[in-house]
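Shown here: structure25.csv, CSV, C-alpha atoms.
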chain,number,residue,atom,x,y,z
A,1,ILE,CA,50.1,29.4,28.2
A,2,CYS,CA,51.1,29.4,24.5
A,3,GLN,CA,47.9,30.4,22.6
A,4,ASP,CA,49.2,29.2,19.3
A,5,CYS,CA,50.2,25.7,20.6
A,6,ASN,CA,47.6,25.3,23.4
A,7,VAL,CA,50.2,24.1,25.8
A,8,PHE,CA,51.7,25.1,29.2
A,9,ILE,CA,55.1,26.6,28.9
A,10,CYS,CA,57.7,27.7,31.4
A,11,THR,CA,59.6,31.0,31.2
A,12,VAL,CA,62.6,29.4,29.4
A,13,CYS,CA,60.4,27.8,26.7
A,14,ALA,CA,58.5,31.1,26.3
A,15,ILE,CA,61.8,32.8,25.4
A,16,ASN,CA,63.5,30.1,23.4
A,17,VAL,CA,60.8,27.9,21.7
A,18,HIS,CA,57.7,30.1,21.7
A,19,ASN,CA,59.3,33.5,21.4
A,20,ASP,CA,57.3,34.4,18.3
A,21,HIS,CA,54.1,32.9,19.6
A,22,LYS,CA,51.2,34.6,21.4
A,23,VAL,CA,51.8,33.9,25.1
A,24,GLU,CA,49.6,34.8,28.1
A,25,ASP,CA,49.7,34.2,31.8
A,26,LEU,CA,47.8,31.1,33.1
A,27,GLU,CA,44.8,32.9,34.6
A,28,THR,CA,44.2,35.1,31.5
A,29,GLY,CA,44.6,32.3,29.1
A,30,LEU,CA,42.3,30.0,31.1
A,31,ASN,CA,39.6,32.6,31.1
A,32,LYS,CA,39.8,33.0,27.4
A,33,TYR,CA,39.5,29.3,26.8
A,34,LYS,CA,36.5,29.1,29.1
A,35,ASP,CA,34.9,32.1,27.4
A,36,ASN,CA,35.3,30.3,24.0
A,37,LEU,CA,33.9,27.1,25.5
A,38,ALA,CA,30.9,29.0,27.0
A,39,GLN,CA,30.0,30.4,23.6
A,40,LEU,CA,30.3,26.9,22.0
A,41,LYS,CA,28.2,25.4,24.8
A,42,ASP,CA,25.4,28.0,24.1
A,43,GLN,CA,25.5,27.1,20.4
A,44,ILE,CA,25.4,23.4,21.3
A,45,ALA,CA,22.4,24.0,23.6
A,46,ASN,CA,20.6,25.9,20.8
A,47,THR,CA,21.3,23.0,18.4
A,48,LEU,CA,19.9,20.6,20.9
A,49,ASP,CA,16.7,22.7,21.2
A,50,GLN,CA,16.4,22.4,17.4
A,51,VAL,CA,17.0,18.7,17.1
A,52,ARG,CA,14.8,17.5,19.9
A,53,PRO,CA,11.6,18.7,18.3
A,54,ARG,CA,12.6,17.0,15.1
A,55,HIS,CA,12.9,13.8,17.0
A,56,GLU,CA,9.4,14.3,18.4
A,57,GLN,CA,8.1,15.0,14.9
A,58,LEU,CA,9.5,11.7,13.6
A,59,LEU,CA,7.9,9.8,16.5
A,60,GLU,CA,4.6,11.4,15.7
A,61,LEU,CA,5.0,10.6,12.1
A,62,GLN,CA,5.8,7.0,13.0
A,63,VAL,CA,2.5,6.7,15.0
A,64,PHE,CA,0.6,8.5,12.2
A,65,LEU,CA,2.0,6.1,9.6
A,66,LYS,CA,1.0,3.0,11.5
A,67,GLY,CA,-2.5,4.4,12.1
A,68,HIS,CA,-2.8,5.4,8.4
A,69,LYS,CA,-1.8,1.9,7.3
A,70,GLU,CA,-4.4,0.2,9.6
A,71,GLU,CA,-7.1,2.7,8.3
A,72,LEU,CA,-6.3,1.8,4.7
A,73,GLU,CA,-6.3,-1.9,5.4
A,74,GLU,CA,-9.7,-1.5,7.0
A,75,LYS,CA,-11.1,0.4,4.0
A,76,VAL,CA,-9.8,-2.2,1.6
A,77,GLU,CA,-11.4,-5.0,3.6
A,78,THR,CA,-14.7,-3.1,3.9
A,79,HIS,CA,-14.7,-2.3,0.2
A,80,ILE,CA,-14.0,-6.0,-0.7
A,81,LYS,CA,-16.7,-7.3,1.6
A,82,ASN,CA,-19.3,-4.9,0.2
A,83,HIS,CA,-18.3,-5.8,-3.4
A,84,THR,CA,-18.4,-9.5,-2.6
A,85,HIS,CA,-21.8,-9.1,-0.9
A,86,LYS,CA,-23.2,-7.4,-4.0
A,87,VAL,CA,-21.9,-10.1,-6.3
A,88,GLU,CA,-23.4,-12.8,-4.1
A,89,GLU,CA,-26.7,-11.0,-4.1
A,90,SER,CA,-26.7,-10.8,-7.9
A,91,HIS,CA,-25.8,-14.5,-8.0
A,92,ARG,CA,-28.7,-15.4,-5.8
A,93,ASP,CA,-31.1,-13.4,-7.9
A,94,LEU,CA,-29.8,-14.9,-11.1
A,95,ARG,CA,-29.9,-18.4,-9.7
A,96,GLN,CA,-33.5,-17.9,-8.5
A,97,THR,CA,-34.5,-16.6,-11.9
A,98,ILE,CA,-33.0,-19.6,-13.6
A,99,THR,CA,-34.5,-22.2,-11.3
A,100,SER,CA,-38.0,-20.7,-10.8
A,101,LYS,CA,-39.3,-20.9,-14.3
A,102,ALA,CA,-41.4,-24.0,-15.1
A,103,PHE,CA,-43.5,-25.4,-18.0
A,104,PRO,CA,-47.0,-26.9,-17.6
A,105,GLU,CA,-47.2,-30.3,-15.9
A,106,ASN,CA,-48.6,-32.0,-19.1
A,107,LEU,CA,-45.3,-31.2,-20.9
A,108,GLN,CA,-43.2,-33.7,-18.9
A,109,VAL,CA,-40.5,-34.1,-21.5
A,110,VAL,CA,-40.1,-30.4,-21.8
A,111,ASN,CA,-40.1,-30.1,-18.0
A,112,TRP,CA,-37.4,-32.8,-17.8
A,113,ALA,CA,-35.3,-31.0,-20.4
A,114,SER,CA,-36.0,-27.8,-18.7
A,115,ASP,CA,-34.9,-29.1,-15.3
A,116,THR,CA,-31.7,-30.5,-16.8
A,117,MET,CA,-31.0,-27.1,-18.4
A,118,LYS,CA,-31.8,-25.3,-15.2
A,119,SER,CA,-29.4,-27.6,-13.3
A,120,CYS,CA,-26.6,-27.0,-15.9
A,121,ALA,CA,-27.3,-23.3,-15.9
A,122,ALA,CA,-27.2,-23.1,-12.1
A,123,GLU,CA,-23.9,-25.1,-12.0
A,124,ALA,CA,-22.5,-22.7,-14.5
A,125,VAL,CA,-23.6,-19.7,-12.5
A,126,ASP,CA,-22.2,-21.2,-9.3
A,127,SER,CA,-18.9,-21.9,-11.0
A,128,GLN,CA,-18.8,-18.3,-12.3
A,129,LEU,CA,-19.5,-17.0,-8.8
A,130,SER,CA,-16.6,-19.0,-7.4
A,131,GLU,CA,-14.3,-17.6,-10.1
A,132,VAL,CA,-15.5,-14.0,-9.4
A,133,ILE,CA,-15.1,-14.4,-5.6
A,134,LYS,CA,-11.6,-15.8,-6.2
A,135,GLU,CA,-10.7,-12.9,-8.4
A,136,ILE,CA,-12.0,-10.4,-5.8
A,137,LYS,CA,-10.0,-12.1,-3.0
A,138,ASP,CA,-6.9,-12.1,-5.2
A,139,VAL,CA,-7.3,-8.4,-5.8
A,140,ARG,CA,-7.7,-7.9,-2.0
A,141,ASP,CA,-4.6,-9.9,-1.2
A,142,GLN,CA,-2.6,-8.0,-3.8
A,143,LEU,CA,-3.7,-4.6,-2.4
A,144,VAL,CA,-2.9,-5.6,1.1
A,145,GLU,CA,0.5,-7.0,0.1
A,146,GLU,CA,1.3,-3.8,-1.8
A,147,LEU,CA,0.2,-1.7,1.2
A,148,LYS,CA,2.4,-3.8,3.6
A,149,THR,CA,5.4,-3.5,1.3
A,150,LYS,CA,5.1,0.3,1.0
A,151,TYR,CA,4.5,0.6,4.8
A,152,LEU,CA,7.5,-1.6,5.5
A,153,TYR,CA,9.7,0.6,3.3
A,154,LEU,CA,8.4,3.8,4.9
A,155,SER,CA,8.6,2.4,8.4
A,156,GLN,CA,12.2,1.3,8.0
A,157,ASP,CA,13.1,4.7,6.7
A,158,ILE,CA,11.4,6.5,9.5
A,159,ASN,CA,12.8,4.1,12.1
A,160,GLY,CA,16.3,4.7,10.7
A,161,ARG,CA,15.8,8.5,11.0
A,162,ILE,CA,14.5,8.2,14.5
A,163,ASP,CA,17.5,6.1,15.6
A,164,ASN,CA,19.9,8.6,13.8
A,165,VAL,CA,18.3,11.6,15.5
A,166,ALA,CA,18.1,9.9,18.9
A,167,PHE,CA,21.8,9.1,18.6
A,168,HIS,CA,22.7,12.8,17.8
A,169,VAL,CA,20.4,14.0,20.6
A,170,ALA,CA,22.1,11.8,23.1
A,171,SER,CA,25.6,12.7,21.8
A,172,ILE,CA,24.9,16.4,21.9
A,173,ALA,CA,23.3,16.3,25.3
A,174,SER,CA,26.3,14.4,26.7
A,175,LEU,CA,28.7,16.9,25.1
A,176,ALA,CA,26.7,19.8,26.5
A,177,SER,CA,26.8,18.2,30.0
A,178,PHE,CA,30.5,17.7,29.8
A,179,MET,CA,31.1,21.2,28.7
A,180,GLU,CA,29.0,22.5,31.6
A,181,LYS,CA,31.1,20.6,34.1
A,182,LEU,CA,34.3,21.7,32.4
A,183,LEU,CA,33.4,25.4,32.7
A,184,THR,CA,33.2,25.1,36.5
A,185,THR,CA,36.6,23.6,36.9
A,186,SER,CA,39.7,25.6,37.9
A,187,ASN,CA,42.0,22.9,36.5
A,188,ALA,CA,43.7,24.7,33.6
A,189,LEU,CA,45.5,21.5,32.5
A,190,GLU,CA,42.1,19.7,32.1
A,191,VAL,CA,40.7,22.6,30.1
A,192,ILE,CA,43.6,23.0,27.7
A,193,THR,CA,44.1,19.2,27.3
A,194,VAL,CA,40.6,18.7,25.9
A,195,TYR,CA,40.1,22.1,24.3
A,196,ASP,CA,41.2,21.3,20.7
A,197,ASP,CA,39.4,18.0,20.5
A,198,LEU,CA,36.3,19.4,22.2
A,199,THR,CA,36.1,22.5,19.9
A,200,ALA,CA,36.6,20.2,16.8
A,201,ARG,CA,33.7,18.0,17.9
A,202,VAL,CA,31.4,20.9,18.6
A,203,ASN,CA,32.2,22.6,15.2
A,204,SER,CA,31.6,19.3,13.5
A,205,ILE,CA,28.1,19.1,15.0
A,206,LEU,CA,27.4,22.8,14.2
A,207,ASP,CA,28.5,22.3,10.6
A,208,SER,CA,26.5,19.1,10.1
A,209,GLU,CA,23.3,19.2,8.0
A,210,MET,CA,20.7,18.9,10.8
A,211,THR,CA,18.0,19.4,8.2
A,212,ALA,CA,18.7,15.9,7.0
A,213,PHE,CA,16.8,14.7,10.0
A,214,VAL,CA,13.6,16.5,9.1
A,215,PRO,CA,10.9,14.1,7.9
In structure tokens, write the structure found in this file.
Amino acid sequence: ICQDCNVFICTVCAINVHNDHKVEDLETGLNKYKDNLAQLKDQIANTLDQVRPRHEQLLELQVFLKGHKEELEEKVETHIKNHTHKVEESHRDLRQTITSKAFPENLQVVNWASDTMKSCAAEAVDSQLSEVIKEIKDVRDQLVEELKTKYLYLSQDINGRIDNVAFHVASIASLASFMEKLLTTSNALEVITVYDDLTARVNSILDSEMTAFVP
């Protein structure tokens, strides 16, 4: 085996073409390849052990985010209902105050005018209440919409991270499994054929910024 070219060579080629290269017998060369692959496999396994918990953290964050959104929506709704209830109570008290006052019966003209004024005042209070209730509902709708928008953005970001990490976990696990099987083979041709590509893939994974997957 020519260690420089990672190819099988015959005696003639060893002398003529690869005479200045590092050449080893088949068994020795195969064992070295396997030793290197075993080290890389251990590093890949270690990387997998680091990435899997990050995937679990993202899943937990996804659940927390959903629960937090629902909790905030409930708090907004409760606050709005309580505020609306207080406004309605104030309206009832004010309306009762306006409509309950009366003049003596012998002052019919004054009573008639008073009733008319009371009716107008009550209508004004009712109209004002409707406007206040509408404003409260508008604020609620705005808060809920802002909350949904922010949650949607965060949710899409988290889901993207989860998909990304899940893809890397599956890729690394598949690569580790393949390397495990490769280390048990006695087929030198198979080992040497995939060695360069395999080591390049492993080194690419080891050099990647795995911290980018941390939430």
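One finds CA of Ala200 (chain A) at 16.3 Å from CA of Ala173 (chain A).
Atom pair CA of Cys5 (chain A) / CA of Asn203 (chain A): separated by 19.0 Å.
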(message) Show me, as a PyMOL selection string, the residues that have an atom within 12 Å of Thr184 (chain A) when counting only C-alpha atoms, minus same-chain residues fewer than 5 positions from it.
(response) chain A and resi 30-31+34-35+37-38+177-179+190-191
Could the residues of region 40-102 of chain A that have an atom at most 9 Å from region 125-146 of chain A be listed as a Markdown table, each with its closest atom pair and the distance in Å to one decimal, counting only C-alpha atoms and ordered by chain and ascending residue number?
| residue | atom | partner | partner_atom | distance |
| --- | --- | --- | --- | --- |
| A:Leu72 | CA | A:Val144 | CA | 8.9 |
| A:Glu73 | CA | A:Val144 | CA | 6.6 |
| A:Val76 | CA | A:Arg140 | CA | 7.1 |
| A:Glu77 | CA | A:Arg140 | CA | 7.3 |
| A:Ile80 | CA | A:Arg140 | CA | 6.7 |
| A:His83 | CA | A:Ile136 | CA | 8.2 |
| A:Thr84 | CA | A:Ile133 | CA | 6.6 |
| A:Val87 | CA | A:Leu129 | CA | 7.7 |
| A:Glu88 | CA | A:Leu129 | CA | 7.4 |
| A:His91 | CA | A:Leu129 | CA | 6.8 |
| A:Leu94 | CA | A:Val125 | CA | 8.0 |
| A:Arg95 | CA | A:Val125 | CA | 7.0 |
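The gap separating CA of Tyr151 (chain A) from CA of Leu59 (chain A) is 15.3 Å, in Å to one decimal.
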(request) Measuring atom to atom with only C-alpha atoms, identify which of A:Asn46, A:Arg54, A:Cys2, A:Asp25 is nearest to Ile162 (chain A). (result) A:Arg54
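Among the candidates A:Ala124, A:Ser204, A:Ala45, A:Tyr33, the residue lying nearest to Leu182 (chain A) is A:Tyr33 (atoms considered: all atoms listed in the file).
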(message) Using all atoms listed in the file, which protein or nucleic acid residues come within 10 Å of Thr47 (chain A)? Drop anything in the same chain fewer than 2 positions from it, and give the result as a PyMOL selection string.
(response) chain A and resi 41-45+49-52+169+172-173+205-206+210
For the selection just defined, write its residues with C-alpha atoms to a file, as a short mmCIF file (atom, residue, chain, number, x, y, z; two decimals), in the frame of the given file.
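result-v6.cif written:
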data_model
loop_
_atom_site.label_atom_id
_atom_site.label_comp_id
_atom_site.auth_asym_id
_atom_site.auth_seq_id
_atom_site.Cartn_x
_atom_site.Cartn_y
_atom_site.Cartn_z
CA LYS A 41 28.20 25.40 24.80
CA ASP A 42 25.40 28.00 24.10
CA GLN A 43 25.50 27.10 20.40
CA ILE A 44 25.40 23.40 21.30
CA ALA A 45 22.40 24.00 23.60
CA ASP A 49 16.70 22.70 21.20
CA GLN A 50 16.40 22.40 17.40
CA VAL A 51 17.00 18.70 17.10
CA ARG A 52 14.80 17.50 19.90
CA VAL A 169 20.40 14.00 20.60
CA ILE A 172 24.90 16.40 21.90
CA ALA A 173 23.30 16.30 25.30
CA ILE A 205 28.10 19.10 15.00
CA LEU A 206 27.40 22.80 14.20
CA MET A 210 20.70 18.90 10.80
#
(message) as a list in words, please: the residues near Glu27 (chain A) (cut-off 10 Å, only C-alpha atoms, same-chain neighbours under 4 positions excluded).
(response) Ile1, Asn31, Lys32, Ser186 and Ala188 of chain A
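Distances from A:Lys148, A:Thr97, A:Glu71, A:Val202 to His168 (chain A) were compared using only C-alpha atoms, and the smallest one belongs to A:Val202.
Nearest to Asp20 (chain A) of all the residues A:Asp163, A:Glu70, A:Glu89, A:Asp4 is A:Asp4, based on only C-alpha atoms.
Among the candidates A:Lys22, A:His85, A:Lys150, A:Arg92, the residue lying nearest to Lys69 (chain A) is A:Lys150 (atoms considered: only C-alpha atoms).
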